Amino acid sequence: MAVDGNLASLSESLWTAATGTYMLAVVAYTGEYAFGRNGRIARTSPVSRAEVSSAQVSRVEAGVRQSALVGGGTLTDPTTPTGQPHYGAGSVEPAGDAGRRWGRAAVGLTVLAALFHLASVTIRGVAVDRVPWGNMYEFTLVVGLMATVAWLATLVRMPQLRYLGLFVMMPVLLVMFLAGTLYTKASKLVPALQSYWLAIHVSSVAVAEGILLTSAAITSMYLVRARFERHAEAGTTPARFAGLGSRLPAAASLDKAAYRTVAFAFPIYTAGVIFGAIWAEAAWGRYWGWDPKETWAFIAWVVYATYLHARATAGWKGNRAAYINLLGFGAMTFNFFVVNIVISGLHSYAGLT
Amino acid sequence: MDALRVPRPVRRLWRRLVSMRTALVLLFLLALASVPGSLLPQRPLNPPKVQAYLASHGAWGRFLDRIGAFDVFGSVWFSAVYLLLFASLIGCLIPRITVYARAVRAKPLKAPRNLDRLAEHATLGTGLDPDEAALRISRALRPRWRTAVRTEPSGAVAVSAEKGYSREAGNLLFHVSLLAALVLIAGGRLLSYEGSIVTTEGSGFCNRPISYDSFHAGRWVRSGSLADFCVDRLESFTASYREDGSPAQFKAVVDYSEDLAGQSRRDVIEVNHPLRLKGDRVYLLNHGFSPTVTITRPGRTPVTDTEAFLPQDAVLTSEGAFKLPGRDGTGDDDLGLSAIFAPTAVITGGVVTSVAPTVEDPVLAVLAYTGELNPGGQPQSVYSLDARQIATGKLKQVGAKNLALGQSMRLPDGTLIRFDGYKQWVNLQVSHDPTQTALLLAAILMVAGLLGSLAIRRRRLWVRVQPTAGSARSVVSVGGLARSDGGNFGTEFAALVAQLETVLGAAAPVPPAAGSSPEPSVAQDRIGAGRD
Ligand code: HEM
């Protein structure tokens, strides 16, 4: 069966539609972030309420004891060192909150964009009659889609995080543009890629990378917020960047969210690398050959293992662990861009000429 | 390790080696040490590239070579990190396994004195007496929790419950499987071999080190002990292409026999589908053309020769050579043909190139030389004539012509060279690694262990039932602790308390402790310092 040109160009139009819609979503998220009373919901959400750093426990203990019998609703949040007033979960939202409308629009646009995105990927697959992740362009599209799906899934469980959409959708938008620059004409696969392991190996790696991308975004927020909290504790005014921290959830929540995303993605990534080794055994006669792609997959895996260790090691929690997380993401990104485009070994699937 | 006899500094060193922090640093070093392996050319992967790097980088290149930077994964320092990590892993696993074995058998911990100091706590009332309540509670928890019921001196009955033991089991399984995987990988390197051979249609080979064009074997492979199989014959090779010239499928049909006495069987080898024999696999790695020429030198028997040519591009413009030694002893009577084969040729300005990988219009472009092909009998490439011999004039060009199929050319000395046709060759690789299956199993166990370790949550729950003189017969205080990250323990705890409430039967609410206002019976706060 030959490549279906009409479907292929439909898929490309859908890419354009998805990218445009993501852009609108980013605008709307920015609107919510700018005009909304963000932080409000997050500060009183169960997620951030559940964490109090141990240093703060004693300080607020008295208050906790008392409120223990009253329920958490009207509790002053001990994680807001600035002591800004905010609304409890039970209180009424002020009418006409513009941020809220922006936020709802943003989520609607994200869903729409994700649908375009999904359609673009699916139709591409139909057009070429194979899994739609046979070259860098296609793979990038799939990773972006995974990140969006991960974000929407997060919203279902924790709608109060909506105001952070800007920080997740911005990277996704970048990924979409990147896919554009990596564009490859729809084509069939060379024999080396004709294997069902392509479906298994690449999809697991794409899922893991989409989730790890989210983790890296959360970790960056953590670093900003942690800095903000250090300033707040010391009573100094945070410098430019850390100033953003006032609107982010508590550092402890972010740290935990970053950990959970890695903990979720790591076994998938591990399995993905193992699937790759199984495929390499079938295709090249050895399961591991220290090809640059394999080497960097190994490096990223070891760095994420280091991250998991760091979170269980005294003196390495918090900031250091966060930097290790970012380092792991860096290694993974390096593997995708630099190794594919500049170094390139046996895994020459980039499709770029 | 016998603590009495081992000197203290050694013990201290060992303790440091097996600490979590050292593992962390070693893991990091392992990642760091791998980096040059991908950025610098590596000898095991691509020796010519290493030569080129050395040639263009002078002293810096020689320095890198001396420290093993061109074989990172075989270098002393990489092995050192690897072995230290290995030791650290063993040293940290043994005590953890013993501790865990003990923990699995131990009863859940006694309830702490003050349950409402815990991150999650609640208070209920019940009409049951303490023993009955404790019994019901532990029965309700038992399917998923390990419980212990203790009567305290005060007369209260306390239930301790714990779950998520298998988290540590998962973690240990992961690390033990990892250890096994490392051992198997190292064993594989010693026990595996790999041979590569170019085979032309119609011919075959047997699994002997000398058969191969290149053969690499681990230290523990005895060359006499290779499996007795032969690829008797490459029956045919087919490459099919799409309209745009991209390859669609490569297929090699081979006859093989698994042992010397066995009968020949036929199978197809494709990319991604090796031929799997008992302990060996045969892979199709590459393919190309082997043109055939017949050379008739005056006064000598005609010689028909088929030589594999090396593809130079995606449309299989291929280069190669025919070498015909002359009469012994003369040294200047050899005949050499340096040739280009194009399966679908276009000739522009006398230069032949191919425009398609399929055979439509094959042309063999021949440059003929006479003189001395190989002074001193050094091993040399079979794909080209020695450029130095040509440059020094020891090989002199005596003719050049583009031959279509069946055409011939005549050299000044009367030699006739005819382009008879072509065959195809494939590069087959034979691989043997007896550790593979076990390694796959270890890898699967690693993932299983990881899933257990990262998904299972460790929880502790204590319930203290105290007799009371109030309207309810007992006051039940519940406290919970999350021992591992993951999940929202607050929600989990609330659900548990609700479950206990049903088990204990609806009972009168308990008035709160003195000093606070009356509030619902399940008074819980969600603020906690727990590791939820
Ligand atoms: C080859 C080196 C190693 C690798 C790749 C590795 C990998 C991992 C990974 C991925 C985890 C997180 C998943 C889990 O909790 O099971 C982990 C956890 C853990 N590792 Fe390792 N490990 C290595 C060596 C070690 C060594 C040498 C030690 C001993 C000091 C160690 C002790 C631990 C402990 C205690 C945990 C549990 C941490 C927690 O409670 O979350 N590991 N390891």
# chains A, B, ... in the order shown; residues from 1 in each chain; ligands from 1
$ residues_near_ligand --ligand "ligand 1" --cutoff "9 Å" --atoms "only C-alpha atoms and all ligand atoms" --output "JSON, numbers by chain"
{"A": [263, 266, 267, 270, 301, 302, 303, 304, 305, 306, 307, 308, 309, 310, 311, 312, 313], "B": [17, 18, 19, 20, 21, 22, 23, 24, 26, 27, 30, 82, 84, 85, 86, 87, 88, 89, 90, 91, 92, 93, 96, 167, 168, 170, 171, 172, 173, 174, 175, 178, 179, 182, 449, 450, 451, 452, 453, 454, 484, 485]}
$ select_by_dssp --residues "region 37-164 of chain B" --states "alpha helix (DSSP H)" --output "PyMOL selection string"
chain B and resi 37-39+47-66+76-105+130-141
$ atom_distance --atom1 "CA of Gly262 (chain B)" --atom2 "CA of Val221 (chain B)"
24.1 Å
$ atom_distance --atom1 "CA of Ala31 (chain B)" --atom2 "CA of Phe298 (chain A)"
7.6 Å
$ residues_around --residues "Asp334 (chain B)" --least-positions-apart "6" --cutoff "6 Å" --atoms "only C-alpha atoms" --output "count of residues only"
6
$ residues_around --residues "Pro112 (chain B)" --least-positions-apart "5" --cutoff "12 Å" --atoms "only C-alpha atoms" --output "PyMOL selection string"
chain B and resi 117-118+152+158-160+460-464+477-481
$ closest_residue --among "B:Ala186, B:Val430, B:Asp333, B:Ala239" --to "Val315 (chain B)" --atoms "only C-alpha atoms"
B:Ala239
$ closest_residue --among "B:Val346, B:Leu364, B:Leu109, B:Ala122" --to "chain A" --atoms "only C-alpha atoms"
B:Ala122
$ select_by_dssp --residues "region 243-301 of chain B" --states "strand (DSSP E or B)" --output "PDB file with N, CA, C and O atoms, in the first residue's frame"
ATOM      1  N   PRO B 247      14.027   1.443   0.392  1.00  0.00           N
ATOM      2  CA  PRO B 247      13.926  -0.003   0.494  1.00  0.00           C
ATOM      3  C   PRO B 247      12.644  -0.421   1.202  1.00  0.00           C
ATOM      4  O   PRO B 247      12.206   0.223   2.151  1.00  0.00           O
ATOM      5  N   ALA B 248      12.018  -1.489   0.704  1.00  0.00           N
ATOM      6  CA  ALA B 248      10.786  -1.985   1.321  1.00  0.00           C
ATOM      7  C   ALA B 248      11.044  -3.278   2.070  1.00  0.00           C
ATOM      8  O   ALA B 248      10.510  -3.491   3.137  1.00  0.00           O
ATOM      9  N   GLN B 249      11.871  -4.135   1.507  1.00  0.00           N
ATOM     10  CA  GLN B 249      12.102  -5.426   2.155  1.00  0.00           C
ATOM     11  C   GLN B 249      13.396  -6.069   1.665  1.00  0.00           C
ATOM     12  O   GLN B 249      13.742  -5.968   0.486  1.00  0.00           O
ATOM     13  N   PHE B 250      14.113  -6.696   2.609  1.00  0.00           N
ATOM     14  CA  PHE B 250      15.290  -7.482   2.253  1.00  0.00           C
ATOM     15  C   PHE B 250      15.046  -8.907   2.724  1.00  0.00           C
ATOM     16  O   PHE B 250      14.575  -9.112   3.839  1.00  0.00           O
ATOM     17  N   LYS B 251      15.378  -9.857   1.891  1.00  0.00           N
ATOM     18  CA  LYS B 251      15.039 -11.227   2.208  1.00  0.00           C
ATOM     19  C   LYS B 251      16.129 -12.161   1.716  1.00  0.00           C
ATOM     20  O   LYS B 251      16.462 -12.150   0.537  1.00  0.00           O
ATOM     21  N   ALA B 252      16.678 -12.931   2.618  1.00  0.00           N
ATOM     22  CA  ALA B 252      17.693 -13.899   2.210  1.00  0.00           C
ATOM     23  C   ALA B 252      17.150 -15.299   2.477  1.00  0.00           C
ATOM     24  O   ALA B 252      16.731 -15.600   3.591  1.00  0.00           O
ATOM     25  N   VAL B 253      17.133 -16.118   1.440  1.00  0.00           N
ATOM     26  CA  VAL B 253      16.691 -17.510   1.618  1.00  0.00           C
ATOM     27  C   VAL B 253      17.940 -18.362   1.767  1.00  0.00           C
ATOM     28  O   VAL B 253      18.838 -18.318   0.920  1.00  0.00           O
ATOM     29  N   VAL B 254      18.016 -19.106   2.876  1.00  0.00           N
ATOM     30  CA  VAL B 254      19.217 -19.918   3.115  1.00  0.00           C
ATOM     31  C   VAL B 254      18.853 -21.372   3.366  1.00  0.00           C
ATOM     32  O   VAL B 254      17.774 -21.688   3.867  1.00  0.00           O
ATOM     33  N   ASP B 255      19.765 -22.250   3.001  1.00  0.00           N
ATOM     34  CA  ASP B 255      19.694 -23.644   3.419  1.00  0.00           C
ATOM     35  C   ASP B 255      20.706 -23.799   4.537  1.00  0.00           C
ATOM     36  O   ASP B 255      21.838 -23.340   4.417  1.00  0.00           O
ATOM     37  N   TYR B 256      20.303 -24.440   5.617  1.00  0.00           N
ATOM     38  CA  TYR B 256      21.229 -24.584   6.739  1.00  0.00           C
ATOM     39  C   TYR B 256      21.064 -25.957   7.351  1.00  0.00           C
ATOM     40  O   TYR B 256      20.022 -26.610   7.189  1.00  0.00           O
ATOM     41  N   SER B 257      22.102 -26.395   8.057  1.00  0.00           N
ATOM     42  CA  SER B 257      21.961 -27.635   8.817  1.00  0.00           C
ATOM     43  C   SER B 257      22.484 -27.400  10.218  1.00  0.00           C
ATOM     44  O   SER B 257      23.514 -26.749  10.417  1.00  0.00           O
ATOM     45  N   ARG B 265      17.912 -27.702   5.983  1.00  0.00           N
ATOM     46  CA  ARG B 265      16.576 -27.112   6.010  1.00  0.00           C
ATOM     47  C   ARG B 265      16.630 -25.726   5.402  1.00  0.00           C
ATOM     48  O   ARG B 265      17.693 -25.117   5.319  1.00  0.00           O
ATOM     49  N   ARG B 266      15.448 -25.245   4.994  1.00  0.00           N
ATOM     50  CA  ARG B 266      15.428 -23.936   4.343  1.00  0.00           C
ATOM     51  C   ARG B 266      14.696 -22.944   5.224  1.00  0.00           C
ATOM     52  O   ARG B 266      13.701 -23.272   5.854  1.00  0.00           O
ATOM     53  N   ASP B 267      15.200 -21.717   5.283  1.00  0.00           N
ATOM     54  CA  ASP B 267      14.506 -20.673   6.040  1.00  0.00           C
ATOM     55  C   ASP B 267      14.795 -19.319   5.410  1.00  0.00           C
ATOM     56  O   ASP B 267      15.683 -19.198   4.557  1.00  0.00           O
ATOM     57  N   VAL B 268      14.040 -18.335   5.852  1.00  0.00           N
ATOM     58  CA  VAL B 268      14.203 -16.984   5.323  1.00  0.00           C
ATOM     59  C   VAL B 268      14.735 -16.094   6.430  1.00  0.00           C
ATOM     60  O   VAL B 268      14.222 -16.107   7.550  1.00  0.00           O
ATOM     61  N   ILE B 269      15.785 -15.338   6.136  1.00  0.00           N
ATOM     62  CA  ILE B 269      16.300 -14.374   7.103  1.00  0.00           C
ATOM     63  C   ILE B 269      15.947 -12.987   6.606  1.00  0.00           C
ATOM     64  O   ILE B 269      16.165 -12.663   5.437  1.00  0.00           O
ATOM     65  N   GLU B 270      15.361 -12.197   7.470  1.00  0.00           N
ATOM     66  CA  GLU B 270      15.063 -10.817   7.113  1.00  0.00           C
ATOM     67  C   GLU B 270      15.637  -9.897   8.170  1.00  0.00           C
ATOM     68  O   GLU B 270      15.986 -10.335   9.266  1.00  0.00           O
ATOM     69  N   HIS B 273      14.386 -10.250  11.609  1.00  0.00           N
ATOM     70  CA  HIS B 273      14.004 -11.651  11.789  1.00  0.00           C
ATOM     71  C   HIS B 273      15.188 -12.569  11.552  1.00  0.00           C
ATOM     72  O   HIS B 273      15.333 -13.155  10.488  1.00  0.00           O
ATOM     73  N   LEU B 275      17.714 -15.811  11.838  1.00  0.00           N
ATOM     74  CA  LEU B 275      17.518 -17.262  11.915  1.00  0.00           C
ATOM     75  C   LEU B 275      17.973 -17.672  13.310  1.00  0.00           C
ATOM     76  O   LEU B 275      19.116 -17.428  13.698  1.00  0.00           O
ATOM     77  N   ARG B 276      17.070 -18.266  14.089  1.00  0.00           N
ATOM     78  CA  ARG B 276      17.438 -18.638  15.454  1.00  0.00           C
ATOM     79  C   ARG B 276      17.701 -20.137  15.514  1.00  0.00           C
ATOM     80  O   ARG B 276      16.792 -20.933  15.334  1.00  0.00           O
ATOM     81  N   ASP B 280      22.695 -20.194  18.584  1.00  0.00           N
ATOM     82  CA  ASP B 280      23.235 -19.131  17.751  1.00  0.00           C
ATOM     83  C   ASP B 280      22.134 -18.463  16.946  1.00  0.00           C
ATOM     84  O   ASP B 280      21.108 -19.067  16.666  1.00  0.00           O
ATOM     85  N   ARG B 281      22.400 -17.226  16.582  1.00  0.00           N
ATOM     86  CA  ARG B 281      21.457 -16.511  15.719  1.00  0.00           C
ATOM     87  C   ARG B 281      22.218 -16.019  14.492  1.00  0.00           C
ATOM     88  O   ARG B 281      23.391 -15.638  14.590  1.00  0.00           O
ATOM     89  N   VAL B 282      21.558 -16.053  13.357  1.00  0.00           N
ATOM     90  CA  VAL B 282      22.186 -15.586  12.130  1.00  0.00           C
ATOM     91  C   VAL B 282      21.401 -14.370  11.623  1.00  0.00           C
ATOM     92  O   VAL B 282      20.196 -14.454  11.405  1.00  0.00           O
ATOM     93  N   TYR B 283      22.104 -13.252  11.488  1.00  0.00           N
ATOM     94  CA  TYR B 283      21.467 -11.994  11.129  1.00  0.00           C
ATOM     95  C   TYR B 283      21.846 -11.559   9.731  1.00  0.00           C
ATOM     96  O   TYR B 283      22.963 -11.789   9.276  1.00  0.00           O
ATOM     97  N   LEU B 284      20.920 -10.892   9.112  1.00  0.00           N
ATOM     98  CA  LEU B 284      21.174 -10.271   7.819  1.00  0.00           C
ATOM     99  C   LEU B 284      21.520  -8.819   8.088  1.00  0.00           C
ATOM    100  O   LEU B 284      20.687  -8.059   8.572  1.00  0.00           O
ATOM    101  N   LEU B 285      22.770  -8.441   7.806  1.00  0.00           N
ATOM    102  CA  LEU B 285      23.188  -7.087   8.162  1.00  0.00           C
ATOM    103  C   LEU B 285      23.298  -6.164   6.968  1.00  0.00           C
ATOM    104  O   LEU B 285      23.064  -4.975   7.064  1.00  0.00           O
ATOM    105  N   ASN B 286      23.697  -6.681   5.841  1.00  0.00           N
ATOM    106  CA  ASN B 286      24.006  -5.800   4.730  1.00  0.00           C
ATOM    107  C   ASN B 286      23.922  -6.599   3.439  1.00  0.00           C
ATOM    108  O   ASN B 286      23.871  -7.828   3.472  1.00  0.00           O
ATOM    109  N   HIS B 287      23.905  -5.917   2.335  1.00  0.00           N
ATOM    110  CA  HIS B 287      23.847  -6.640   1.075  1.00  0.00           C
ATOM    111  C   HIS B 287      24.487  -5.807  -0.025  1.00  0.00           C
ATOM    112  O   HIS B 287      24.735  -4.610   0.146  1.00  0.00           O
ATOM    113  N   GLY B 288      24.782  -6.448  -1.140  1.00  0.00           N
ATOM    114  CA  GLY B 288      25.408  -5.728  -2.238  1.00  0.00           C
ATOM    115  C   GLY B 288      25.522  -6.644  -3.445  1.00  0.00           C
ATOM    116  O   GLY B 288      24.942  -7.733  -3.463  1.00  0.00           O
ATOM    117  N   PHE B 289      26.259  -6.175  -4.434  1.00  0.00           N
ATOM    118  CA  PHE B 289      26.396  -6.949  -5.671  1.00  0.00           C
ATOM    119  C   PHE B 289      27.793  -7.539  -5.797  1.00  0.00           C
ATOM    120  O   PHE B 289      28.762  -6.953  -5.328  1.00  0.00           O
ATOM    121  N   SER B 290      27.841  -8.669  -6.448  1.00  0.00           N
ATOM    122  CA  SER B 290      29.124  -9.303  -6.776  1.00  0.00           C
ATOM    123  C   SER B 290      29.168  -9.535  -8.276  1.00  0.00           C
ATOM    124  O   SER B 290      28.594 -10.507  -8.770  1.00  0.00           O
ATOM    125  N   PRO B 291      29.830  -8.643  -9.032  1.00  0.00           N
ATOM    126  CA  PRO B 291      29.922  -8.847 -10.485  1.00  0.00           C
ATOM    127  C   PRO B 291      30.856 -10.023 -10.812  1.00  0.00           C
ATOM    128  O   PRO B 291      31.746 -10.343 -10.030  1.00  0.00           O
ATOM    129  N   THR B 292      30.590 -10.636 -11.960  1.00  0.00           N
ATOM    130  CA  THR B 292      31.418 -11.754 -12.414  1.00  0.00           C
ATOM    131  C   THR B 292      32.118 -11.350 -13.712  1.00  0.00           C
ATOM    132  O   THR B 292      31.487 -10.809 -14.613  1.00  0.00           O
ATOM    133  N   VAL B 293      33.429 -11.637 -13.791  1.00  0.00           N
ATOM    134  CA  VAL B 293      34.158 -11.404 -15.039  1.00  0.00           C
ATOM    135  C   VAL B 293      34.905 -12.686 -15.415  1.00  0.00           C
ATOM    136  O   VAL B 293      35.230 -13.498 -14.552  1.00  0.00           O
ATOM    137  N   THR B 294      35.128 -12.821 -16.725  1.00  0.00           N
ATOM    138  CA  THR B 294      36.007 -13.893 -17.184  1.00  0.00           C
ATOM    139  C   THR B 294      37.208 -13.234 -17.844  1.00  0.00           C
ATOM    140  O   THR B 294      37.054 -12.377 -18.703  1.00  0.00           O
ATOM    141  N   ILE B 295      38.382 -13.618 -17.342  1.00  0.00           N
ATOM    142  CA  ILE B 295      39.614 -13.008 -17.844  1.00  0.00           C
ATOM    143  C   ILE B 295      40.400 -14.078 -18.594  1.00  0.00           C
ATOM    144  O   ILE B 295      40.702 -15.141 -18.045  1.00  0.00           O
ATOM    145  N   THR B 296      40.670 -13.794 -19.831  1.00  0.00           N
ATOM    146  CA  THR B 296      41.449 -14.735 -20.630  1.00  0.00           C
ATOM    147  C   THR B 296      42.769 -14.076 -21.006  1.00  0.00           C
ATOM    148  O   THR B 296      42.792 -13.132 -21.795  1.00  0.00           O
TER     149      THR B 296
END
$ residues_around --residues "Arg222 (chain B)" --least-positions-apart "2" --cutoff "12 Å" --atoms "only C-alpha atoms" --output "PyMOL selection string"
chain B and resi 190-193+208-209+216-220+224-227
$ write_last_selection --atoms "C-alpha atoms" --output "JSON list (two decimals), in the first residue's frame"
[["chain", "number", "residue", "atom", "x", "y", "z"],
["B", 190, "LEU", "CA", 33.16, -13.70, 28.46],
["B", 191, "LEU", "CA", 31.01, -16.40, 26.89],
["B", 192, "SER", "CA", 29.72, -14.79, 23.73],
["B", 193, "TYR", "CA", 31.14, -14.70, 20.26],
["B", 208, "ARG", "CA", 34.25, -22.02, 12.54],
["B", 209, "PRO", "CA", 36.37, -19.06, 13.56],
["B", 216, "HIS", "CA", 35.31, -11.73, 18.09],
["B", 217, "ALA", "CA", 35.05, -14.05, 21.04],
["B", 218, "GLY", "CA", 34.93, -13.61, 24.78],
["B", 219, "ARG", "CA", 37.79, -14.89, 26.88],
["B", 220, "TRP", "CA", 36.00, -18.06, 27.91],
["B", 224, "GLY", "CA", 36.82, -25.76, 19.22],
["B", 225, "SER", "CA", 33.54, -25.65, 21.05],
["B", 226, "LEU", "CA", 31.48, -23.58, 18.63],
["B", 227, "ALA", "CA", 28.12, -25.05, 17.68]]
$ atom_distance --atom1 "CA of Ser34 (chain B)" --atom2 "CA of Val72 (chain B)"
7.1 Å
$ residues_around --residues "region 142-147 of chain B" --least-positions-apart "6" --cutoff "8 Å" --atoms "only C-alpha atoms" --output "list in words"
Lys107, Pro108, Val159, Ser160, Ala161, Glu162 and Lys163 of chain B
$ write_last_selection --atoms "N, CA, C and O atoms" --output "short mmCIF file (atom, residue, chain, number, x, y, z; two decimals), in the first residue's frame"
data_model
loop_
_atom_site.label_atom_id
_atom_site.label_comp_id
_atom_site.auth_asym_id
_atom_site.auth_seq_id
_atom_site.Cartn_x
_atom_site.Cartn_y
_atom_site.Cartn_z
N LYS B 107 5.92 -8.60 64.80
CA LYS B 107 4.56 -8.07 64.95
C LYS B 107 4.59 -6.57 64.68
O LYS B 107 5.61 -5.92 64.92
N PRO B 108 3.48 -6.02 64.25
CA PRO B 108 3.42 -4.56 64.09
C PRO B 108 3.74 -3.86 65.40
O PRO B 108 3.46 -4.38 66.48
N VAL B 159 -5.04 -1.94 68.84
CA VAL B 159 -4.79 -2.72 67.63
C VAL B 159 -3.70 -2.00 66.84
O VAL B 159 -3.83 -0.81 66.55
N SER B 160 -2.62 -2.73 66.54
CA SER B 160 -1.59 -2.15 65.66
C SER B 160 -1.72 -2.82 64.31
O SER B 160 -1.85 -4.04 64.23
N ALA B 161 -1.70 -2.04 63.27
CA ALA B 161 -1.85 -2.62 61.93
C ALA B 161 -0.82 -2.00 61.01
O ALA B 161 -0.47 -0.83 61.13
N GLU B 162 -0.32 -2.82 60.10
CA GLU B 162 0.70 -2.32 59.19
C GLU B 162 0.48 -2.99 57.85
O GLU B 162 0.11 -4.17 57.78
N LYS B 163 0.69 -2.25 56.77
CA LYS B 163 0.64 -2.90 55.46
C LYS B 163 1.66 -2.29 54.52
O LYS B 163 2.24 -1.24 54.81
#
$ residues_around --residues "Gly399 (chain B)" --least-positions-apart "4" --cutoff "7 Å" --atoms "only C-alpha atoms" --output "VMD selection string"
chain B and resid 367 to 368 411
$ write_last_selection --atoms "all heavy atoms" --output "tab-separated table (two decimals), in the first residue's frame"
chain	number	residue	atom	x	y	z
B	367	LEU	N	38.96	-0.28	-14.69
B	367	LEU	CA	40.30	0.24	-14.93
B	367	LEU	C	41.24	-0.94	-14.75
B	367	LEU	O	41.24	-1.56	-13.69
B	367	LEU	CB	40.66	1.33	-13.90
B	367	LEU	CG	39.90	2.65	-13.94
B	367	LEU	CD1	40.38	3.55	-12.80
B	367	LEU	CD2	40.12	3.34	-15.28
B	368	ALA	N	42.01	-1.27	-15.78
B	368	ALA	CA	42.88	-2.45	-15.70
B	368	ALA	C	44.32	-2.02	-15.46
B	368	ALA	O	44.79	-1.04	-16.04
B	368	ALA	CB	42.76	-3.25	-16.99
B	411	LEU	N	42.95	-5.83	-23.71
B	411	LEU	CA	44.10	-5.05	-23.28
B	411	LEU	C	45.19	-5.14	-24.35
B	411	LEU	O	45.16	-6.04	-25.19
B	411	LEU	CB	44.63	-5.59	-21.95
B	411	LEU	CG	43.62	-5.58	-20.79
B	411	LEU	CD1	44.29	-6.07	-19.50
B	411	LEU	CD2	43.04	-4.18	-20.58
